[in-house]
$ cat protein-v1.txt   # compact mmCIF, C-alpha atoms
# COMPACT_ATOMS: atom_id res chain seq x y z
CA MET A 13 92.93 152.14 60.58
CA LYS A 14 91.13 149.48 58.47
CA LYS A 15 88.99 152.19 56.90
CA ILE A 16 92.08 154.16 55.87
CA LEU A 17 93.77 151.08 54.39
CA MET A 18 90.66 150.18 52.41
CA LEU A 19 90.42 153.74 51.11
CA LEU A 20 94.01 153.66 49.86
CA ALA A 21 93.62 150.19 48.34
CA ILE A 22 90.57 151.18 46.28
CA ALA A 23 92.11 154.50 45.25
CA GLY A 24 95.17 152.68 43.90
CA LEU A 25 93.19 150.12 41.93
CA SER A 26 93.39 151.90 38.59
CA SER A 27 97.14 152.42 38.85
CA VAL A 28 97.64 148.69 39.35
CA ALA A 29 95.34 147.86 36.44
CA PHE A 30 97.22 150.19 34.11
CA ALA A 31 100.54 148.53 34.91
CA GLN A 32 99.45 145.09 33.71
CA SER A 33 101.69 143.62 31.00
CA SER A 34 100.43 142.18 27.74
CA SER A 35 100.37 138.46 27.06
CA THR A 36 101.09 138.92 23.34
CA GLY A 37 104.31 137.91 21.69
CA TYR A 38 105.61 141.44 21.28
CA ASP A 39 105.50 144.64 23.30
CA ASN A 40 101.87 145.06 24.39
CA VAL A 41 100.66 145.31 20.83
CA SER A 42 97.51 146.99 19.66
CA GLY A 43 94.41 144.98 18.94
CA ASP A 44 94.56 146.28 15.36
CA LYS A 45 96.81 143.80 13.52
CA TYR A 46 97.53 146.33 10.73
CA GLU A 47 98.39 149.36 12.87
CA VAL A 48 102.06 150.32 13.26
CA PHE A 49 104.03 153.53 13.71
CA THR A 50 105.75 155.04 10.68
CA ASN A 51 109.45 154.25 10.93
CA LYS A 52 112.41 156.59 10.81
CA PHE A 53 114.36 157.04 7.59
CA TRP A 54 117.25 154.81 8.64
CA ASP A 55 115.02 152.02 9.99
CA ASN A 56 114.06 148.80 8.14
CA TRP A 57 116.77 148.90 5.47
CA PHE A 58 117.98 145.65 3.91
CA ILE A 59 120.56 144.34 1.46
CA SER A 60 120.19 141.12 -0.55
CA ALA A 61 122.13 139.00 -3.02
CA GLY A 62 121.35 135.85 -4.94
CA GLY A 63 122.23 133.65 -7.87
CA GLY A 64 120.46 131.27 -10.22
CA ALA A 65 119.52 130.70 -13.83
CA GLU A 66 117.65 132.62 -16.54
CA MET A 67 116.15 132.00 -19.97
CA MET A 68 115.65 134.43 -22.86
CA LEU A 69 112.29 134.80 -24.63
CA GLY A 70 113.15 136.87 -27.72
CA ASN A 71 111.63 136.66 -31.18
CA SER A 72 113.75 133.74 -32.44
CA ASP A 73 114.87 132.27 -29.12
CA VAL A 74 112.25 129.50 -29.25
CA ARG A 75 114.21 127.96 -32.14
CA ALA A 76 116.97 126.98 -29.71
CA SER A 77 116.60 124.06 -27.31
CA PHE A 78 115.70 124.68 -23.69
CA LYS A 79 119.17 123.86 -22.35
CA ASP A 80 120.84 126.13 -24.95
CA ARG A 81 118.83 129.10 -23.66
CA ILE A 82 119.70 128.64 -19.97
CA SER A 83 122.45 130.89 -18.63
CA PRO A 84 123.70 131.98 -15.18
CA THR A 85 122.41 135.12 -13.48
CA PHE A 86 122.84 136.94 -10.20
CA ASN A 87 121.35 139.95 -8.42
CA VAL A 88 122.18 142.38 -5.63
CA ALA A 89 119.71 144.86 -4.11
CA LEU A 90 119.41 147.59 -1.49
CA GLY A 91 115.98 148.55 -0.18
CA LYS A 92 113.78 149.80 2.62
CA TRP A 93 110.38 148.89 4.04
CA PHE A 94 108.33 152.02 4.74
CA THR A 95 105.45 149.98 6.20
CA PRO A 96 105.14 146.23 6.78
CA GLY A 97 103.30 145.98 3.45
CA LEU A 98 105.10 148.52 1.24
CA GLY A 99 108.78 148.84 0.35
CA LEU A 100 111.17 150.07 -2.35
CA ARG A 101 114.41 148.58 -3.62
CA LEU A 102 117.10 149.22 -6.22
CA GLN A 103 118.35 145.99 -7.81
CA TYR A 104 121.12 145.14 -10.24
CA SER A 105 120.51 141.80 -11.99
CA GLY A 106 121.62 139.84 -15.05
CA PHE A 107 125.02 138.57 -16.25
CA GLN A 108 124.68 136.56 -19.47
CA GLY A 109 122.00 136.12 -22.12
CA LYS A 110 121.83 133.10 -24.42
CA GLY A 111 119.37 132.81 -27.27
CA ALA A 112 118.94 132.41 -31.01
CA THR A 113 118.77 134.59 -34.10
CA THR A 114 118.12 134.05 -37.81
CA ASP A 115 120.44 136.91 -38.72
CA PRO A 116 123.99 135.72 -39.49
CA TYR A 117 125.24 139.28 -39.06
CA ASN A 118 123.85 139.75 -35.58
CA PRO A 119 126.74 141.06 -33.43
CA PHE A 120 126.01 138.53 -30.67
CA VAL A 121 126.19 135.40 -32.85
CA ASP A 122 128.26 132.77 -31.02
CA GLY A 123 128.88 129.75 -33.22
CA ALA A 124 127.92 128.21 -36.52
CA ILE A 125 124.40 127.81 -37.84
CA LYS A 126 122.31 125.05 -36.30
CA GLN A 127 119.55 123.13 -38.03
CA PRO A 128 117.23 121.38 -35.58
CA ARG A 129 114.82 118.83 -36.99
CA SER A 130 111.61 120.51 -35.86
CA GLU A 131 112.64 124.16 -36.27
CA SER A 132 114.15 126.47 -38.84
CA PRO A 133 117.91 127.02 -38.87
CA TYR A 134 119.28 129.56 -36.37
CA TYR A 135 122.52 131.02 -35.08
CA PRO A 136 123.22 130.80 -31.33
CA GLN A 137 123.60 134.07 -29.41
CA LYS A 138 125.54 134.91 -26.25
CA PHE A 139 126.27 138.29 -24.65
CA LYS A 140 126.82 139.87 -21.24
CA TYR A 141 124.45 142.48 -19.84
CA GLY A 142 123.16 144.04 -16.62
CA ASN A 143 119.72 145.34 -15.63
CA LEU A 144 119.44 148.19 -13.12
CA HIS A 145 115.85 148.69 -11.95
CA GLY A 146 113.82 150.20 -9.13
CA ASP A 147 110.92 148.16 -7.74
CA VAL A 148 107.86 148.78 -5.60
CA MET A 149 107.40 145.79 -3.28
CA PHE A 150 104.09 144.63 -1.78
CA ASN A 151 104.18 142.24 1.17
CA LEU A 152 100.90 140.40 0.61
CA SER A 153 101.24 138.46 3.86
CA ALA A 154 101.36 141.68 5.90
CA LEU A 155 98.69 143.40 3.79
CA LEU A 156 96.22 140.51 4.09
CA PHE A 157 96.96 139.07 7.52
CA GLY A 158 98.57 141.91 9.46
CA TYR A 159 102.06 142.60 10.72
CA ASN A 160 103.88 139.76 12.47
CA PRO A 161 107.69 140.04 12.79
CA ASP A 162 107.93 136.29 13.59
CA ARG A 163 106.11 135.06 10.46
CA VAL A 164 108.23 132.36 8.78
CA TYR A 165 107.02 132.73 5.17
CA GLU A 166 105.92 135.85 3.31
CA MET A 167 104.94 136.38 -0.34
CA ILE A 168 106.19 139.66 -1.83
CA PRO A 169 105.20 140.57 -5.42
CA TYR A 170 106.92 143.58 -7.01
CA LEU A 171 106.72 145.86 -10.05
CA GLY A 172 109.46 148.09 -11.39
CA ALA A 173 111.22 149.76 -14.28
CA GLY A 174 114.81 150.37 -15.33
CA PHE A 175 117.25 149.85 -18.17
CA THR A 176 119.76 147.29 -19.41
CA HIS A 177 123.35 147.86 -20.43
CA THR A 178 125.03 145.47 -22.86
CA TYR A 179 128.75 144.99 -22.10
CA ASP A 180 129.64 143.23 -25.38
CA SER A 181 130.03 145.30 -28.54
CA PRO A 182 128.05 147.01 -29.77
CA LYS A 183 127.30 148.33 -26.30
CA GLY A 184 123.90 149.91 -25.71
CA GLU A 185 120.96 150.41 -23.41
CA ALA A 186 117.29 149.45 -23.51
CA PHE A 187 114.38 150.36 -21.23
CA THR A 188 112.89 147.53 -19.19
CA ALA A 189 109.77 146.66 -17.23
CA ASN A 190 110.30 144.26 -14.31
CA ALA A 191 107.97 142.11 -12.24
CA GLY A 192 108.21 139.09 -10.01
CA ILE A 193 107.57 137.42 -6.67
CA VAL A 194 109.97 137.16 -3.74
CA ASN A 195 109.25 134.17 -1.52
CA ARG A 196 110.82 135.15 1.80
CA PHE A 197 111.67 132.61 4.51
CA ARG A 198 112.71 134.02 7.89
CA ILE A 199 115.61 132.14 9.50
CA SER A 200 116.55 134.73 12.16
CA PRO A 201 115.77 138.34 13.11
CA VAL A 202 118.71 139.32 10.89
CA LEU A 203 118.67 136.94 7.90
CA ASP A 204 116.09 135.74 5.37
CA ILE A 205 116.32 133.20 2.57
CA ASN A 206 114.76 134.43 -0.70
CA LEU A 207 113.47 132.41 -3.61
CA GLU A 208 112.83 135.01 -6.31
CA LEU A 209 110.90 134.41 -9.53
CA SER A 210 111.40 137.33 -11.91
CA ALA A 211 110.52 138.47 -15.40
CA MET A 212 111.97 141.31 -17.47
CA GLY A 213 110.57 142.84 -20.64
CA ALA A 214 113.07 144.89 -22.64
CA GLU A 215 112.95 146.92 -25.84
CA ASN A 216 113.42 144.84 -28.98
CA LYS A 217 116.96 146.19 -29.46
CA PHE A 218 118.03 144.33 -26.28
CA ASP A 219 119.35 141.31 -28.27
CA ARG A 220 120.03 143.36 -31.43
CA GLU A 221 117.65 141.18 -33.47
CA LEU A 222 116.00 144.16 -35.12
CA ASN A 223 114.68 142.27 -38.14
CA GLY A 224 112.03 140.66 -35.96
CA SER A 225 108.70 142.15 -34.97
CA ARG A 226 108.79 145.44 -33.07
CA ASP A 227 107.79 144.17 -29.65
CA PHE A 228 109.64 143.27 -26.46
CA ASP A 229 112.35 140.79 -25.66
CA GLY A 230 111.88 138.87 -22.46
CA VAL A 231 113.96 137.19 -19.77
CA VAL A 232 112.64 134.97 -16.96
CA ALA A 233 114.83 133.95 -14.03
CA THR A 234 114.87 132.02 -10.78
CA THR A 235 117.38 132.90 -8.05
CA LEU A 236 118.08 131.81 -4.50
CA GLY A 237 119.72 134.22 -2.10
CA LEU A 238 120.01 135.85 1.31
CA THR A 239 118.74 139.13 2.75
CA TYR A 240 120.44 140.92 5.65
CA ARG A 241 118.25 143.37 7.57
CA PHE A 242 119.91 146.35 9.22
CA ARG A 243 118.81 147.70 12.60
CA ASN A 244 116.19 148.76 13.47
CA ARG A 245 114.54 145.74 11.88
CA GLU A 246 110.97 145.76 13.17
CA PHE A 247 108.01 148.09 13.27
CA LYS A 248 106.63 149.38 16.57
CA LYS A 249 103.01 148.69 17.44
CA PRO A 250 100.93 151.33 19.24
CA HIS A 251 99.75 150.46 22.69
CA PRO A 252 96.06 149.83 23.26
CA ALA A 253 94.01 151.82 25.68
CA ARG A 254 94.97 150.27 28.99
CA GLN A 255 91.64 150.77 30.73
CA ILE A 256 90.43 147.38 31.93
CA ILE A 257 87.71 148.85 34.19
CA SER A 258 84.56 150.34 32.65
CA GLU A 259 83.63 153.95 33.31
CA ALA A 260 80.52 152.80 35.22
CA GLU A 261 82.75 150.73 37.51
CA LEU A 262 85.09 153.69 37.96
CA ARG A 263 82.20 155.93 38.95
CA ASP A 264 81.05 153.32 41.45
CA ILE A 265 84.55 153.07 42.93
CA ARG A 266 84.82 156.85 43.24
CA SER A 267 81.46 156.95 44.97
CA ARG A 268 82.68 154.36 47.45
CA VAL A 269 85.92 156.28 47.95
CA ASN A 270 83.99 159.47 48.75
CA SER A 271 81.71 157.56 51.14
CA LEU A 272 84.68 156.02 52.93
CA ALA A 273 86.41 159.40 53.10
CA ALA A 274 83.36 160.94 54.74
CA GLU A 275 83.11 158.05 57.21
CA ASN A 276 86.81 158.34 57.95
CA ALA A 277 86.43 162.07 58.67
CA ASN A 278 83.55 161.27 61.05
CA LEU A 279 85.71 158.72 62.88
CA LYS A 280 88.51 161.25 63.12
CA GLN A 281 86.19 163.70 64.90
CA LYS A 282 85.01 161.02 67.34
CA LEU A 283 88.51 159.83 68.11
CA ALA A 284 89.77 163.36 68.65
CA VAL A 285 87.62 163.87 71.78
CA LYS A 286 88.94 160.73 73.59
CA PRO A 287 92.30 161.32 75.37
CA SER A 288 93.81 157.89 74.80
CA THR A 289 97.12 156.85 73.32
CA VAL A 290 95.40 155.09 70.47
CA VAL A 291 93.45 158.22 69.59
CA VAL A 292 96.61 160.29 69.42
CA GLU A 293 98.22 157.76 67.06
CA GLU A 294 95.22 157.78 64.72
CA THR A 295 95.03 161.57 64.78
CA VAL A 296 98.67 161.86 63.71
CA LYS A 297 98.08 159.52 60.77
CA VAL A 298 95.12 161.56 59.57
CA LYS A 299 97.11 164.80 59.67
CA ALA A 300 99.86 163.23 57.53
CA PRO A 301 97.97 160.93 55.13
CA ASP A 302 99.91 158.22 53.36
CA ILE A 303 98.83 158.90 49.78
CA ALA A 304 100.27 156.28 47.44
CA PRO A 305 102.27 157.53 44.43
CA ARG A 306 100.29 157.59 41.18
CA SER A 307 101.50 156.79 37.68
CA VAL A 308 100.05 158.23 34.47
CA PHE A 309 101.00 156.32 31.30
CA PHE A 310 101.42 157.70 27.77
CA ASN A 311 101.53 156.32 24.23
CA ILE A 312 104.88 156.25 22.47
CA GLY A 313 105.99 159.70 21.33
CA SER A 314 102.93 161.36 22.95
CA ALA A 315 102.55 163.88 25.76
CA LYS A 316 98.73 163.86 25.69
CA VAL A 317 96.83 162.65 28.76
CA SER A 318 94.30 160.10 27.51
CA SER A 319 90.65 160.16 28.60
CA GLN A 320 91.19 156.97 30.60
CA GLU A 321 94.14 158.41 32.48
CA LEU A 322 92.22 161.65 33.06
CA ILE A 323 89.45 159.67 34.77
CA ASN A 324 91.97 157.92 36.97
CA LEU A 325 93.56 161.25 37.91
CA GLY A 326 90.19 162.05 39.52
CA PHE A 327 91.00 159.70 42.42
CA LEU A 328 94.15 161.65 43.20
CA ALA A 329 92.35 164.97 42.72
CA ASP A 330 89.79 163.97 45.38
CA GLN A 331 92.58 163.38 47.88
CA MET A 332 94.38 166.57 46.88
CA GLN A 333 91.20 168.53 47.55
CA GLN A 334 90.67 166.71 50.87
CA TYR A 335 94.18 167.67 52.04
CA PRO A 336 94.80 171.18 50.64
CA GLU A 337 97.94 171.63 52.70
CA LEU A 338 99.85 168.86 50.88
CA LYS A 339 102.40 169.55 48.14
CA PHE A 340 103.07 167.17 45.25
CA LYS A 341 106.01 166.44 42.96
CA VAL A 342 105.25 165.53 39.31
CA VAL A 343 108.12 163.73 37.51
CA GLY A 344 108.06 162.89 33.80
CA TYR A 345 109.80 159.93 32.16
CA ALA A 346 110.36 158.53 28.65
CA ASP A 347 111.65 155.14 27.52
CA SER A 348 115.28 155.10 26.44
CA ALA A 349 114.57 152.42 23.81
CA THR A 350 113.18 155.01 21.39
CA GLY A 351 114.21 158.53 20.52
CA SER A 352 117.38 160.50 21.20
CA ALA A 353 118.38 161.75 24.66
CA GLU A 354 117.35 165.30 23.75
CA THR A 355 113.96 164.14 22.45
CA ASN A 356 113.28 162.03 25.55
CA LYS A 357 114.26 164.87 27.89
CA ARG A 358 111.87 167.24 26.12
CA LEU A 359 109.11 164.62 25.97
CA SER A 360 109.38 163.75 29.68
CA ASN A 361 109.11 167.45 30.55
CA GLN A 362 106.05 167.86 28.30
CA ARG A 363 104.39 164.86 29.95
CA ALA A 364 104.91 166.28 33.44
CA GLN A 365 103.49 169.64 32.36
CA ALA A 366 100.52 167.90 30.70
CA VAL A 367 99.59 166.14 33.96
CA VAL A 368 99.82 169.40 35.92
CA ASP A 369 97.66 171.15 33.31
CA ALA A 370 95.08 168.33 33.54
CA LEU A 371 94.87 168.57 37.35
CA VAL A 372 94.58 172.37 37.19
CA GLY A 373 92.21 172.60 34.23
CA THR A 374 89.92 169.63 34.91
CA TYR A 375 89.99 169.27 38.69
CA LYS A 376 90.80 172.88 39.75
CA ILE A 377 93.89 171.96 41.78
CA GLU A 378 96.11 174.97 42.57
CA ARG A 379 99.16 174.97 40.34
CA ASN A 380 101.44 176.23 43.13
CA ARG A 381 100.87 172.96 45.02
CA MET A 382 102.79 171.05 42.36
CA THR A 383 106.42 171.10 41.22
CA THR A 384 107.64 169.37 38.08
CA ASP A 385 110.80 167.54 37.09
CA SER A 386 111.84 165.62 33.96
CA VAL A 387 114.24 162.69 33.90
CA GLY A 388 114.34 161.83 30.19
CA GLY A 389 114.81 158.31 28.84
CA VAL A 390 114.99 155.54 31.47
CA GLU A 391 114.89 151.75 31.76
CA LYS A 392 113.23 151.45 35.17
CA TYR A 393 111.02 148.59 33.98
CA ASP A 394 111.64 145.70 31.59
CA LYS A 395 108.75 146.70 29.32
CA ALA A 396 109.38 149.89 27.32
CA TYR A 397 105.78 151.14 27.60
CA LEU A 398 105.96 151.16 31.43
CA ASN A 399 108.73 153.77 31.23
CA ARG A 400 106.51 156.21 29.26
CA MET A 401 104.91 157.74 32.31
CA VAL A 402 104.57 160.51 34.86
CA GLN A 403 104.83 159.73 38.58
CA ILE A 404 103.05 161.89 41.16
CA GLU A 405 103.92 161.67 44.84
CA VAL A 406 103.52 163.70 48.04
CA VAL A 407 106.42 165.93 48.96
CA LYS A 408 107.51 164.78 52.43
$ encode --input "protein-v1.txt" --output "structure tokens"
Amino acid sequence: MKKILMLLAIAGLSSVAFAQSSSTGYDNVSGDKYEVFTNKFWDNWFISAGGGAEMMLGNSDVRASFKDRISPTFNVALGKWFTPGLGLRLQYSGFQGKGATTDPYNPFVDGAIKQPRSESPYYPQKFKYGNLHGDVMFNLSALLFGYNPDRVYEMIPYLGAGFTHTYDSPKGEAFTANAGIVNRFRISPVLDINLELSAMGAENKFDRELNGSRDFDGVVATTLGLTYRFRNREFKKPHPARQIISEAELRDIRSRVNSLAAENANLKQKLAVKPSTVVVEETVKVKAPDIAPRSVFFNIGSAKVSSQELINLGFLADQMQQYPELKFKVVGYADSATGSAETNKRLSNQRAQAVVDALVGTYKIERNRMTTDSVGGVEKYDKAYLNRMVQIEVVK
């Protein structure tokens, strides 16, 4: 009896090792800090809004005092992160521009001429406008230090292009180039606080001061706002190879299993010739071996049996060859946390078939000894990766 128990304990060692949970902060993450799965189209969307102040940097604006060039501004944006380090957004920003011009006939003149002591005379300007632009966003924190959904501060530079629309007469549009830095502070899985420093370069006709040099008008702004992140908000990390036993150790264990199996068969023959009650009990146990159920684990979205799992299937294959009369049931599962019900049902069926194909193709087990079933998405275990598996057990 002790020999049989030891045989089963060693044979189940790899299954126990593969079920170990990770000690990392999120779901058994990969050792590669940059590696994530590409998200679905509706994942990782966000909406943001903020308000602050801006200052114009046109040709004659420097004539006006600093406080006379400050005006209110706001922005709203909708965007999506395609990877932790790369995203796109569409932002509407602006509200009011205040500056200076030397042209008394400029349509945006707002007040009488001013004559500062250190500068030439100028006329104050004021007009309402909006800037619609698309931006490419680069999360430097994720690009340099890897993905971490719990990071408190992240620096996000961006570059973009768009156009302005002037709401005061004469109305008009001008092309713009946009750049800036979003300083993002995480306050919850749903909300972020953003301190955005932005700059806009617009065609010279933006402030209608066309008698100046033919270059660009500029606007710099600082805003403070909030970002709301829609579900699903995080990126999934691939699971590492779960083999914590080297191949040399696995070969040694298999050798010991085969040695114990041979010794057990020898004991069975010796016990069979002695007509005692104990011998009959042991003989019955050998005829109906208690083979522990085996689990084969898969990566998210995959139905491929990994090389590590294929090695571990060899333990079960040895027992299946030792007891050719036994039948086995192969049941596939998927985790309900990802994918639709139809996808999980198909994936769990593919996983069950993949295990059968591995036992037939690699270990020459007869296919008619195995039946398959597929359950689909389940939540049998608290960790999602433990539900991405196939379970193999003896048919009683």
$ atom_distance --input "protein-v1.txt" --atom1 "CA of Asn51 (chain A)" --atom2 "CA of Thr350 (chain A)"
11.1 Å
$ closest_residue --input "protein-v1.txt" --among "A:Asn361, A:Leu144, A:Phe340, A:Val367" --to "Glu321 (chain A)" --atoms "only C-alpha atoms"
A:Val367
$ axis_aligned_box --input "protein-v1.txt" --around "region 337-354 of chain A" --padding-each-side "6 Å" --output "lines of an AutoDock Vina configuration file"
center_x = 108.2
center_y = 162.0
center_z = 36.6
size_x = 32.4
size_y = 31.2
size_z = 44.2
$ atom_distance --input "protein-v1.txt" --atom1 "CA of Val317 (chain A)" --atom2 "CA of Asp369 (chain A)"
9.7 Å
$ atom_distance --input "protein-v1.txt" --atom1 "CA of Thr384 (chain A)" --atom2 "CA of Gly344 (chain A)"
7.8 Å
$ residues_around --input "protein-v1.txt" --residues "region 398-408 of chain A" --least-positions-apart "6" --cutoff "9 Å" --atoms "all atoms listed in the file" --output "PyMOL selection string"
chain A and resi 31+33+302-314+338-348+360+363-364+367+386+389-392
$ residues_around --input "protein-v1.txt" --residues "Ser83 (chain A)" --least-positions-apart "4" --cutoff "10 Å" --atoms "all atoms listed in the file" --output "count of residues only"
14
$ residues_around --input "protein-v1.txt" --residues "Ser200 (chain A)" --least-positions-apart "5" --cutoff "10 Å" --atoms "all atoms listed in the file" --output "PyMOL selection string"
chain A and resi 162+164+205+240-241
$ residues_around --input "protein-v1.txt" --residues "Asp229 (chain A)" --least-positions-apart "2" --cutoff "10 Å" --atoms "only C-alpha atoms" --output "MDAnalysis selection string"
chainID A and resid 68:73 188 212:221 226:227 231
$ write_last_selection --input "protein-v1.txt" --atoms "C-alpha atoms" --output "tab-separated table (two decimals), keeping the file's coordinate frame"
chain	number	residue	atom	x	y	z
A	68	MET	CA	115.65	134.43	-22.86
A	69	LEU	CA	112.29	134.80	-24.63
A	70	GLY	CA	113.15	136.87	-27.72
A	71	ASN	CA	111.63	136.66	-31.18
A	72	SER	CA	113.75	133.74	-32.44
A	73	ASP	CA	114.87	132.27	-29.12
A	188	THR	CA	112.89	147.53	-19.19
A	212	MET	CA	111.97	141.31	-17.47
A	213	GLY	CA	110.57	142.84	-20.64
A	214	ALA	CA	113.07	144.89	-22.64
A	215	GLU	CA	112.95	146.92	-25.84
A	216	ASN	CA	113.42	144.84	-28.98
A	217	LYS	CA	116.96	146.19	-29.46
A	218	PHE	CA	118.03	144.33	-26.28
A	219	ASP	CA	119.35	141.31	-28.27
A	220	ARG	CA	120.03	143.36	-31.43
A	221	GLU	CA	117.65	141.18	-33.47
A	226	ARG	CA	108.79	145.44	-33.07
A	227	ASP	CA	107.79	144.17	-29.65
A	231	VAL	CA	113.96	137.19	-19.77
$ residues_around --input "protein-v1.txt" --residues "region 172-179 of chain A" --least-positions-apart "3" --cutoff "8 Å" --atoms "all atoms listed in the file" --output "list of chain:residue names"
A:Phe139, A:Lys140, A:Tyr141, A:Gly142, A:Asn143, A:Leu144, A:His145, A:Gly146, A:Asp147, A:Val148, A:Pro182, A:Lys183, A:Gly184, A:Glu185, A:Ala186, A:Phe187, A:Thr188, A:Ala189, A:Asn190, A:Ala191, A:Ala214, A:Phe218
$ closest_residue --input "protein-v1.txt" --among "A:Val232, A:Val121, A:Val194, A:Met332" --to "Pro169 (chain A)" --atoms "only C-alpha atoms"
A:Val194
$ closest_residue --input "protein-v1.txt" --among "A:Leu322, A:Val88, A:Ala61, A:Ala353" --to "Tyr375 (chain A)" --atoms "all atoms listed in the file"
A:Leu322
$ decode --input "protein-v1.txt" --residues "region 325-337 of chain A" --atoms "C-alpha atoms" --output "PDB file, in the first residue's frame"
ATOM      1  CA  LEU A 325       1.241  14.579 -19.572  1.00  0.00           C
ATOM      2  CA  GLY A 326       3.912  11.871 -19.826  1.00  0.00           C
ATOM      3  CA  PHE A 327       3.224  10.839 -16.210  1.00  0.00           C
ATOM      4  CA  LEU A 328      -0.412  10.195 -17.025  1.00  0.00           C
ATOM      5  CA  ALA A 329       0.502   8.474 -20.290  1.00  0.00           C
ATOM      6  CA  ASP A 330       2.694   5.986 -18.378  1.00  0.00           C
ATOM      7  CA  GLN A 331      -0.260   5.025 -16.197  1.00  0.00           C
ATOM      8  CA  MET A 332      -2.618   4.866 -19.172  1.00  0.00           C
ATOM      9  CA  GLN A 333      -0.246   2.430 -20.864  1.00  0.00           C
ATOM     10  CA  GLN A 334       0.109   0.401 -17.646  1.00  0.00           C
ATOM     11  CA  TYR A 335      -3.686   0.018 -17.381  1.00  0.00           C
ATOM     12  CA  PRO A 336      -4.936  -0.318 -20.978  1.00  0.00           C
ATOM     13  CA  GLU A 337      -8.413  -1.312 -19.865  1.00  0.00           C
TER      14      GLU A 337
END
